[in-house]
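> For reference, the structure I am asking about is given below.
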Amino acid sequence: MKRITFTEKLRELMAVRHVSLGELAKAVPYDKGNLSRVVNGRKCPSEKLAGRLDEILGADGALAALRSSSSTGPTVPGADSDDEMEALELARRVAASDVGDETLTVLEMTVDDLASAYPRTSPAELLARIRRHLGYVSRLLDTRMTLTEHRRLVVVGGWLSLLAATCDVDLGRRPAAAARLRTAAQLGEHAEHPEIIAWTLETQAWQAVTDGAYRAAITLSRGAQEIAPRGSSAFIQANAQEGRAWARLGAGPETRDALARVERLVAPLPMPDRPEHHYRYDPAKSDAYTATTLSWLGDPAAEPYARGVLARLEEPSRAPARPRRAASARLDLALALLAADQPDEAAHVTLEAVTSGRLVPSSHWRAAEVINALEARGVPEAAGVREAYRELCAPADHEVDGA
């Protein structure tokens, strides 16, 4: 007998209770567009949302139970992405067009969905989804379309290539990342889209920082600033990345100048509709970058900044969950605590970050840096943190012992 799914049960309850989508969205309250995706099975509800729907629809915990079983039960690798592809292709055929506005609009929305999933999804999982969409875009490029449709499709391909490159960097796949960044830049140039081109340079700057090539990172960051539309997310991020590179060089005045520029740029910005979107700057991201930059500079102000960032990230009601950013914030706090001569707490916080399951390979060097400092100070807990770090790096053969 086929087991009923969360989506089927939700629709059944809505029909029995005669509750429309709009009424349900107001009662939760919840964004109607996102709730529609939940009702249609395109978005997995959070535990909190499932519980709230249970209350409103009088399901006595049935929805929460179905949500739990569906999120922890066995899954078929790539099934969700395959379903996405089928939905896109069906929409295109229904529109009776080779490409058409409807297909392009769905693809553009998909880019936003994938970029918003970045902070909470493992790089490998997200990359698998992006690759399927890139394959679909590649096939569509061979079909008939207007010049306007062609440009929109190229822009979609540029964003997807850029996001795929970011996942490759996270996974330590340098040759793949470099190839995808070249593709993203070429597509950005073809579509005359300066923000995509600027983001490719900013991503290279970030990679240069992780490689210890700080002067190159500054050059790349400034190149991104020259190309990006002034005030755009790419422009702000490039300024922030420059500040991080200066901090690694121990250049206090230059670092603080970059931080001041970012603060001025971010101050008038409203909170975006989707602050978790990787390519949309928000005030919370600015605070996180400031915490990182000050901790690298050894500035005492890093500690309260890092504590504040971590507190906000761990308060679910204040912002979307960003577990990877929280893990990085712990490393910022640990480094700041070492500068403040609080090595015991630094060891505890580092262990939390290392065992969180949220540190990607491109951030392993940051954990190694803190562990090396703990060992240099002879902190007793350092041995346990080092062992946890070895376990973290073992699957990827990416240990940075003594780095």
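Each chain in the structure tokens gets a letter, A, B, ..., in the order shown, and its residues are numbered from 1; ligands are numbered from 1 in order too.
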Find the residues near Arg325 of chain A: any atom within 8 Å, counting only C-alpha atoms, skip ones fewer than 6 places away on the same chain, and give them as a list of chain:residue names.

A:Pro119, A:Ala288, A:Leu313

> Since we have the selection now, will you write its residues out, keeping N, CA and C atoms, as a CSV table (one decimal), in the first residue's frame?


chain,number,residue,atom,x,y,z
A,119,PRO,N,23.6,28.6,1.3
A,119,PRO,CA,24.1,28.6,2.7
A,119,PRO,C,23.7,27.4,3.6
A,288,ALA,N,29.2,39.6,9.5
A,288,ALA,CA,30.0,38.4,9.5
A,288,ALA,C,31.4,38.6,8.9
A,313,LEU,N,22.8,34.3,14.2
A,313,LEU,CA,22.7,33.2,13.3
A,313,LEU,C,22.0,32.0,14.0

> Using only C-alpha atoms, which protein or nucleic acid residues come within 9 Å of Leu134 of chain A? Drop anything in the same chain fewer than 4 positions from it, and give the result as JSON, numbers by chain.

{"A": [129, 130, 138, 139, 156, 157, 160, 161]}

> Let's have the selection written as a tab-separated table (two decimals), in the first residue's frame, with N, CA and C atoms.


chain	number	residue	atom	x	y	z
A	129	ARG	N	22.63	19.36	-8.48
A	129	ARG	CA	21.43	20.02	-9.01
A	129	ARG	C	21.80	21.05	-10.07
A	130	ILE	N	22.84	21.83	-9.79
A	130	ILE	CA	23.24	22.88	-10.74
A	130	ILE	C	23.68	22.27	-12.06
A	138	SER	N	22.16	24.16	-21.71
A	138	SER	CA	23.00	23.88	-22.87
A	138	SER	C	22.17	23.32	-24.02
A	139	ARG	N	21.24	22.43	-23.71
A	139	ARG	CA	20.37	21.86	-24.77
A	139	ARG	C	19.46	22.94	-25.36
A	156	VAL	N	21.28	33.21	-17.51
A	156	VAL	CA	20.98	32.09	-16.63
A	156	VAL	C	22.18	31.15	-16.58
A	157	GLY	N	22.74	30.83	-17.74
A	157	GLY	CA	23.91	29.96	-17.81
A	157	GLY	C	25.11	30.55	-17.07
A	160	LEU	N	24.48	30.14	-13.27
A	160	LEU	CA	24.62	28.73	-12.89
A	160	LEU	C	26.09	28.31	-12.90
A	161	SER	N	26.84	28.76	-13.90
A	161	SER	CA	28.27	28.42	-13.97
A	161	SER	C	29.02	29.03	-12.79

> Considering only C-alpha atoms, give me a table of residues in segment 23-71 of chain A that are at most 7 Å from segment 6-15 of chain A, with the closest atom pair and distance in Å for each, as a Markdown table.


| residue | atom | partner | partner_atom | distance |
| --- | --- | --- | --- | --- |
| A:Val39 | CA | A:Thr7 | CA | 5.8 |
| A:Asn40 | CA | A:Thr7 | CA | 6.7 |
| A:Gly41 | CA | A:Thr7 | CA | 5.7 |
| A:Leu57 | CA | A:Leu13 | CA | 6.5 |
| A:Leu63 | CA | A:Phe6 | CA | 6.1 |
| A:Leu66 | CA | A:Phe6 | CA | 5.1 |
| A:Arg67 | CA | A:Phe6 | CA | 5.8 |

> Next, write the just-selected residues to a file, as a short mmCIF file (atom, residue, chain, number, x, y, z; two decimals), in the first residue's frame, keeping N, CA and C atoms as the atom set.


data_model
loop_
_atom_site.label_atom_id
_atom_site.label_comp_id
_atom_site.auth_asym_id
_atom_site.auth_seq_id
_atom_site.Cartn_x
_atom_site.Cartn_y
_atom_site.Cartn_z
N VAL A 39 2.98 23.29 -0.77
CA VAL A 39 1.73 22.59 -1.10
C VAL A 39 1.90 21.75 -2.37
N ASN A 40 2.71 22.23 -3.30
CA ASN A 40 2.91 21.52 -4.56
C ASN A 40 4.09 20.54 -4.52
N GLY A 41 4.69 20.40 -3.33
CA GLY A 41 5.77 19.42 -3.18
C GLY A 41 7.10 19.87 -3.72
N LEU A 57 -4.70 23.34 10.83
CA LEU A 57 -5.57 22.38 10.15
C LEU A 57 -6.08 21.26 11.06
N LEU A 63 0.98 16.01 10.20
CA LEU A 63 1.85 16.66 9.22
C LEU A 63 3.30 16.70 9.70
N LEU A 66 4.77 13.26 9.18
CA LEU A 66 5.05 12.97 7.77
C LEU A 66 6.26 13.76 7.28
N ARG A 67 6.36 14.99 7.75
CA ARG A 67 7.51 15.82 7.37
C ARG A 67 8.79 15.19 7.89
#

> So how far away is atom CA of Glu314 of chain A from atom CA of Lys43 of chain A, in Å?

22.3 Å

> I'd like the interatomic distance between atom CA of Ala176 of chain A and atom CA of Pro361 of chain A, to a tenth of an Å.

14.9 Å

> Extract, using only C-alpha atoms, all DNA, RNA and protein residues at most 10 Å from Arg215 of chain A, discarding same-chain residues fewer than 5 positions from it, and format them as JSON, numbers by chain.

{"A": [205, 208, 209, 220, 221, 242, 245, 246, 248, 249]}

> Can you measure atom CA of Ala165 of chain A to atom CA of Leu181 of chain A for me? One decimal in Å is fine.

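Spanning atom CA of Ala165 of chain A to atom CA of Leu181 of chain A is a straight-line distance of 5.9 Å.
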
> Name the residues in contact with Tyr289 of chain A at a cut-off of 9 Å, using only C-alpha atoms, excluding same-chain residues fewer than 2 positions from it; report them as an NGL selection string.

:A and (240-241 or 243-244 or 259 or 284-287 or 291-294)

> Go ahead and dump the residues you just picked, N, CA and C atoms, as a PDB file, in the first residue's frame.


ATOM      1  N   ALA A 240      34.588  44.123   0.475  1.00  0.00           N
ATOM      2  CA  ALA A 240      34.770  43.311   1.679  1.00  0.00           C
ATOM      3  C   ALA A 240      35.909  42.314   1.504  1.00  0.00           C
ATOM      4  N   GLN A 241      35.997  41.741   0.315  1.00  0.00           N
ATOM      5  CA  GLN A 241      37.066  40.768   0.064  1.00  0.00           C
ATOM      6  C   GLN A 241      38.431  41.442   0.083  1.00  0.00           C
ATOM      7  N   GLY A 243      39.197  43.954   1.939  1.00  0.00           N
ATOM      8  CA  GLY A 243      39.492  44.164   3.354  1.00  0.00           C
ATOM      9  C   GLY A 243      40.045  42.918   4.016  1.00  0.00           C
ATOM     10  N   ARG A 244      39.501  41.760   3.671  1.00  0.00           N
ATOM     11  CA  ARG A 244      39.994  40.508   4.256  1.00  0.00           C
ATOM     12  C   ARG A 244      41.444  40.247   3.829  1.00  0.00           C
ATOM     13  N   LEU A 259      36.776  48.300   5.374  1.00  0.00           N
ATOM     14  CA  LEU A 259      35.607  48.055   6.224  1.00  0.00           C
ATOM     15  C   LEU A 259      34.699  49.279   6.270  1.00  0.00           C
ATOM     16  N   ALA A 284      23.517  41.489   7.587  1.00  0.00           N
ATOM     17  CA  ALA A 284      24.055  40.390   8.392  1.00  0.00           C
ATOM     18  C   ALA A 284      25.345  39.858   7.788  1.00  0.00           C
ATOM     19  N   LYS A 285      25.407  39.809   6.462  1.00  0.00           N
ATOM     20  CA  LYS A 285      26.637  39.351   5.801  1.00  0.00           C
ATOM     21  C   LYS A 285      27.770  40.328   6.076  1.00  0.00           C
ATOM     22  N   SER A 286      27.445  41.609   6.111  1.00  0.00           N
ATOM     23  CA  SER A 286      28.453  42.621   6.396  1.00  0.00           C
ATOM     24  C   SER A 286      29.047  42.416   7.783  1.00  0.00           C
ATOM     25  N   ASP A 287      28.201  42.158   8.770  1.00  0.00           N
ATOM     26  CA  ASP A 287      28.685  41.915  10.135  1.00  0.00           C
ATOM     27  C   ASP A 287      29.580  40.678  10.197  1.00  0.00           C
ATOM     28  N   ALA A 291      33.503  40.615  11.316  1.00  0.00           N
ATOM     29  CA  ALA A 291      34.027  39.749  12.377  1.00  0.00           C
ATOM     30  C   ALA A 291      35.240  38.974  11.891  1.00  0.00           C
ATOM     31  N   THR A 292      35.135  38.407  10.681  1.00  0.00           N
ATOM     32  CA  THR A 292      36.269  37.660  10.116  1.00  0.00           C
ATOM     33  C   THR A 292      37.481  38.556   9.933  1.00  0.00           C
ATOM     34  N   THR A 293      37.251  39.727   9.341  1.00  0.00           N
ATOM     35  CA  THR A 293      38.346  40.636   9.019  1.00  0.00           C
ATOM     36  C   THR A 293      39.056  41.118  10.279  1.00  0.00           C
ATOM     37  N   LEU A 294      38.285  41.513  11.290  1.00  0.00           N
ATOM     38  CA  LEU A 294      38.888  41.999  12.531  1.00  0.00           C
ATOM     39  C   LEU A 294      39.626  40.880  13.275  1.00  0.00           C
TER      40      LEU A 294
END

> Identify, on the basis of only C-alpha atoms, every residue whose closest approach to Leu127 of chain A does not exceed 12 Å; exclude the query and any residue fewer than 4 positions from it along the same chain; express the result as a ChimeraX atom specification.

/A:78,81,114-115,117-118,121-123,131-134,160-171,173,176-177,180

> Restricting the output to C-alpha atoms, write the selected residues as a PDB file, in the first residue's frame.


ATOM      1  CA  GLY A  78      19.226  13.083  -8.001  1.00  0.00           C
ATOM      2  CA  SER A  81      16.722  17.406  -9.661  1.00  0.00           C
ATOM      3  CA  LEU A 114      19.678  27.502  -5.992  1.00  0.00           C
ATOM      4  CA  ALA A 115      21.586  30.598  -4.871  1.00  0.00           C
ATOM      5  CA  ALA A 117      19.949  27.115  -1.027  1.00  0.00           C
ATOM      6  CA  TYR A 118      23.728  27.640  -1.001  1.00  0.00           C
ATOM      7  CA  THR A 121      23.028  22.822   1.395  1.00  0.00           C
ATOM      8  CA  SER A 122      26.149  20.702   1.097  1.00  0.00           C
ATOM      9  CA  PRO A 123      28.288  21.805  -1.889  1.00  0.00           C
ATOM     10  CA  ARG A 131      24.901  20.534 -13.234  1.00  0.00           C
ATOM     11  CA  ARG A 132      21.529  19.151 -14.318  1.00  0.00           C
ATOM     12  CA  HIS A 133      20.226  22.654 -14.918  1.00  0.00           C
ATOM     13  CA  LEU A 134      23.369  23.589 -16.823  1.00  0.00           C
ATOM     14  CA  LEU A 160      24.617  28.728 -12.894  1.00  0.00           C
ATOM     15  CA  SER A 161      28.273  28.416 -13.970  1.00  0.00           C
ATOM     16  CA  LEU A 162      29.295  30.927 -11.315  1.00  0.00           C
ATOM     17  CA  LEU A 163      27.408  29.106  -8.562  1.00  0.00           C
ATOM     18  CA  ALA A 164      28.814  25.757  -9.716  1.00  0.00           C
ATOM     19  CA  ALA A 165      32.327  27.224  -9.566  1.00  0.00           C
ATOM     20  CA  THR A 166      31.655  28.398  -6.001  1.00  0.00           C
ATOM     21  CA  CYS A 167      30.663  24.854  -5.020  1.00  0.00           C
ATOM     22  CA  ASP A 168      33.794  23.522  -6.733  1.00  0.00           C
ATOM     23  CA  VAL A 169      35.942  25.913  -4.686  1.00  0.00           C
ATOM     24  CA  ASP A 170      34.186  24.758  -1.507  1.00  0.00           C
ATOM     25  CA  LEU A 171      35.001  21.160  -2.425  1.00  0.00           C
ATOM     26  CA  ARG A 173      38.073  21.083  -6.975  1.00  0.00           C
ATOM     27  CA  ALA A 176      36.871  22.451 -12.281  1.00  0.00           C
ATOM     28  CA  ALA A 177      36.337  25.760 -10.477  1.00  0.00           C
ATOM     29  CA  ARG A 180      33.582  27.121 -14.667  1.00  0.00           C
TER      30      ARG A 180
END

> Enumerate the residues of segment 87-161 of chain A with a DSSP assignment of alpha helix (DSSP H), computed from the backbone, and present them as a VMD selection string.

chain A and resid 87 to 94 100 to 117 123 to 140 147 to 161

> Would you export the selected residues with C-alpha atoms as a PDB file, in the first residue's frame, please?


ATOM      1  CA  ALA A  87       8.750  20.153 -14.670  1.00  0.00           C
ATOM      2  CA  LEU A  88      10.789  22.613 -16.731  1.00  0.00           C
ATOM      3  CA  GLU A  89      10.469  20.555 -19.893  1.00  0.00           C
ATOM      4  CA  LEU A  90       6.722  20.121 -19.402  1.00  0.00           C
ATOM      5  CA  ALA A  91       6.260  23.865 -18.923  1.00  0.00           C
ATOM      6  CA  ARG A  92       8.207  24.535 -22.113  1.00  0.00           C
ATOM      7  CA  ARG A  93       6.141  22.093 -24.148  1.00  0.00           C
ATOM      8  CA  VAL A  94       2.856  23.381 -22.776  1.00  0.00           C
ATOM      9  CA  GLY A 100       9.715  31.265 -24.559  1.00  0.00           C
ATOM     10  CA  ASP A 101       9.132  33.680 -21.693  1.00  0.00           C
ATOM     11  CA  GLU A 102       7.552  31.106 -19.382  1.00  0.00           C
ATOM     12  CA  THR A 103      10.496  28.689 -19.530  1.00  0.00           C
ATOM     13  CA  LEU A 104      13.011  31.515 -19.071  1.00  0.00           C
ATOM     14  CA  THR A 105      11.098  32.925 -16.104  1.00  0.00           C
ATOM     15  CA  VAL A 106      11.087  29.517 -14.415  1.00  0.00           C
ATOM     16  CA  LEU A 107      14.818  29.132 -15.077  1.00  0.00           C
ATOM     17  CA  GLU A 108      15.520  32.580 -13.617  1.00  0.00           C
ATOM     18  CA  MET A 109      13.491  31.684 -10.546  1.00  0.00           C
ATOM     19  CA  THR A 110      15.419  28.423 -10.285  1.00  0.00           C
ATOM     20  CA  VAL A 111      18.713  30.330 -10.258  1.00  0.00           C
ATOM     21  CA  ASP A 112      17.427  32.336  -7.291  1.00  0.00           C
ATOM     22  CA  ASP A 113      16.284  29.153  -5.535  1.00  0.00           C
ATOM     23  CA  LEU A 114      19.678  27.502  -5.992  1.00  0.00           C
ATOM     24  CA  ALA A 115      21.586  30.598  -4.871  1.00  0.00           C
ATOM     25  CA  SER A 116      19.336  30.788  -1.794  1.00  0.00           C
ATOM     26  CA  ALA A 117      19.949  27.115  -1.027  1.00  0.00           C
ATOM     27  CA  PRO A 123      28.288  21.805  -1.889  1.00  0.00           C
ATOM     28  CA  ALA A 124      28.227  18.326  -3.435  1.00  0.00           C
ATOM     29  CA  GLU A 125      24.441  18.078  -3.272  1.00  0.00           C
ATOM     30  CA  LEU A 126      23.917  21.569  -4.653  1.00  0.00           C
ATOM     31  CA  LEU A 127      26.476  21.031  -7.412  1.00  0.00           C
ATOM     32  CA  ALA A 128      24.608  17.953  -8.620  1.00  0.00           C
ATOM     33  CA  ARG A 129      21.433  20.017  -9.012  1.00  0.00           C
ATOM     34  CA  ILE A 130      23.242  22.877 -10.740  1.00  0.00           C
ATOM     35  CA  ARG A 131      24.901  20.534 -13.234  1.00  0.00           C
ATOM     36  CA  ARG A 132      21.529  19.151 -14.318  1.00  0.00           C
ATOM     37  CA  HIS A 133      20.226  22.654 -14.918  1.00  0.00           C
ATOM     38  CA  LEU A 134      23.369  23.589 -16.823  1.00  0.00           C
ATOM     39  CA  GLY A 135      22.815  20.575 -19.071  1.00  0.00           C
ATOM     40  CA  TYR A 136      19.246  21.673 -19.710  1.00  0.00           C
ATOM     41  CA  VAL A 137      20.345  25.237 -20.515  1.00  0.00           C
ATOM     42  CA  SER A 138      22.997  23.878 -22.871  1.00  0.00           C
ATOM     43  CA  ARG A 139      20.371  21.864 -24.766  1.00  0.00           C
ATOM     44  CA  LEU A 140      18.066  24.879 -25.009  1.00  0.00           C
ATOM     45  CA  LEU A 147      17.832  37.637 -29.458  1.00  0.00           C
ATOM     46  CA  THR A 148      16.242  38.762 -26.186  1.00  0.00           C
ATOM     47  CA  GLU A 149      15.450  35.179 -25.210  1.00  0.00           C
ATOM     48  CA  HIS A 150      19.001  34.140 -26.122  1.00  0.00           C
ATOM     49  CA  ARG A 151      20.505  36.814 -23.868  1.00  0.00           C
ATOM     50  CA  ARG A 152      18.278  35.812 -20.947  1.00  0.00           C
ATOM     51  CA  LEU A 153      19.278  32.188 -21.372  1.00  0.00           C
ATOM     52  CA  VAL A 154      22.979  33.103 -21.522  1.00  0.00           C
ATOM     53  CA  VAL A 155      22.585  35.109 -18.298  1.00  0.00           C
ATOM     54  CA  VAL A 156      20.977  32.085 -16.629  1.00  0.00           C
ATOM     55  CA  GLY A 157      23.909  29.961 -17.808  1.00  0.00           C
ATOM     56  CA  GLY A 158      26.347  32.518 -16.448  1.00  0.00           C
ATOM     57  CA  TRP A 159      24.805  32.524 -12.970  1.00  0.00           C
ATOM     58  CA  LEU A 160      24.617  28.728 -12.894  1.00  0.00           C
ATOM     59  CA  SER A 161      28.273  28.416 -13.970  1.00  0.00           C
TER      60      SER A 161
END

> Please identify all polymer residues within 8 Å of Leu335 of chain A, counting only C-alpha atoms, omitting same-chain residues fewer than 5 positions from it, and present them as a PyMOL selection string.

chain A and resi 295-296+346+370

> Could you write those residues out with N, CA and C atoms, as an mmCIF file, in the first residue's frame?


data_model
loop_
_atom_site.group_PDB
_atom_site.id
_atom_site.type_symbol
_atom_site.label_atom_id
_atom_site.label_comp_id
_atom_site.auth_asym_id
_atom_site.auth_seq_id
_atom_site.Cartn_x
_atom_site.Cartn_y
_atom_site.Cartn_z
ATOM 1 N N SER A 295 39.084 39.657 13.211
ATOM 2 C CA SER A 295 39.766 38.540 13.882
ATOM 3 C C SER A 295 41.091 38.247 13.204
ATOM 4 N N TRP A 296 41.138 38.346 11.871
ATOM 5 C CA TRP A 296 42.393 38.125 11.159
ATOM 6 C C TRP A 296 43.403 39.234 11.448
ATOM 7 N N ALA A 346 38.387 29.306 23.449
ATOM 8 C CA ALA A 346 38.720 29.206 22.021
ATOM 9 C C ALA A 346 38.756 27.751 21.586
ATOM 10 N N VAL A 370 43.648 27.966 13.740
ATOM 11 C CA VAL A 370 43.305 28.109 15.153
ATOM 12 C C VAL A 370 43.914 26.971 15.967
#

> Name the closest residue to Gln237 of chain A among the candidates A:Tyr214, A:Val360, A:Glu202, A:Ala251; distances are taken between atoms, counting only C-alpha atoms.

A:Glu202
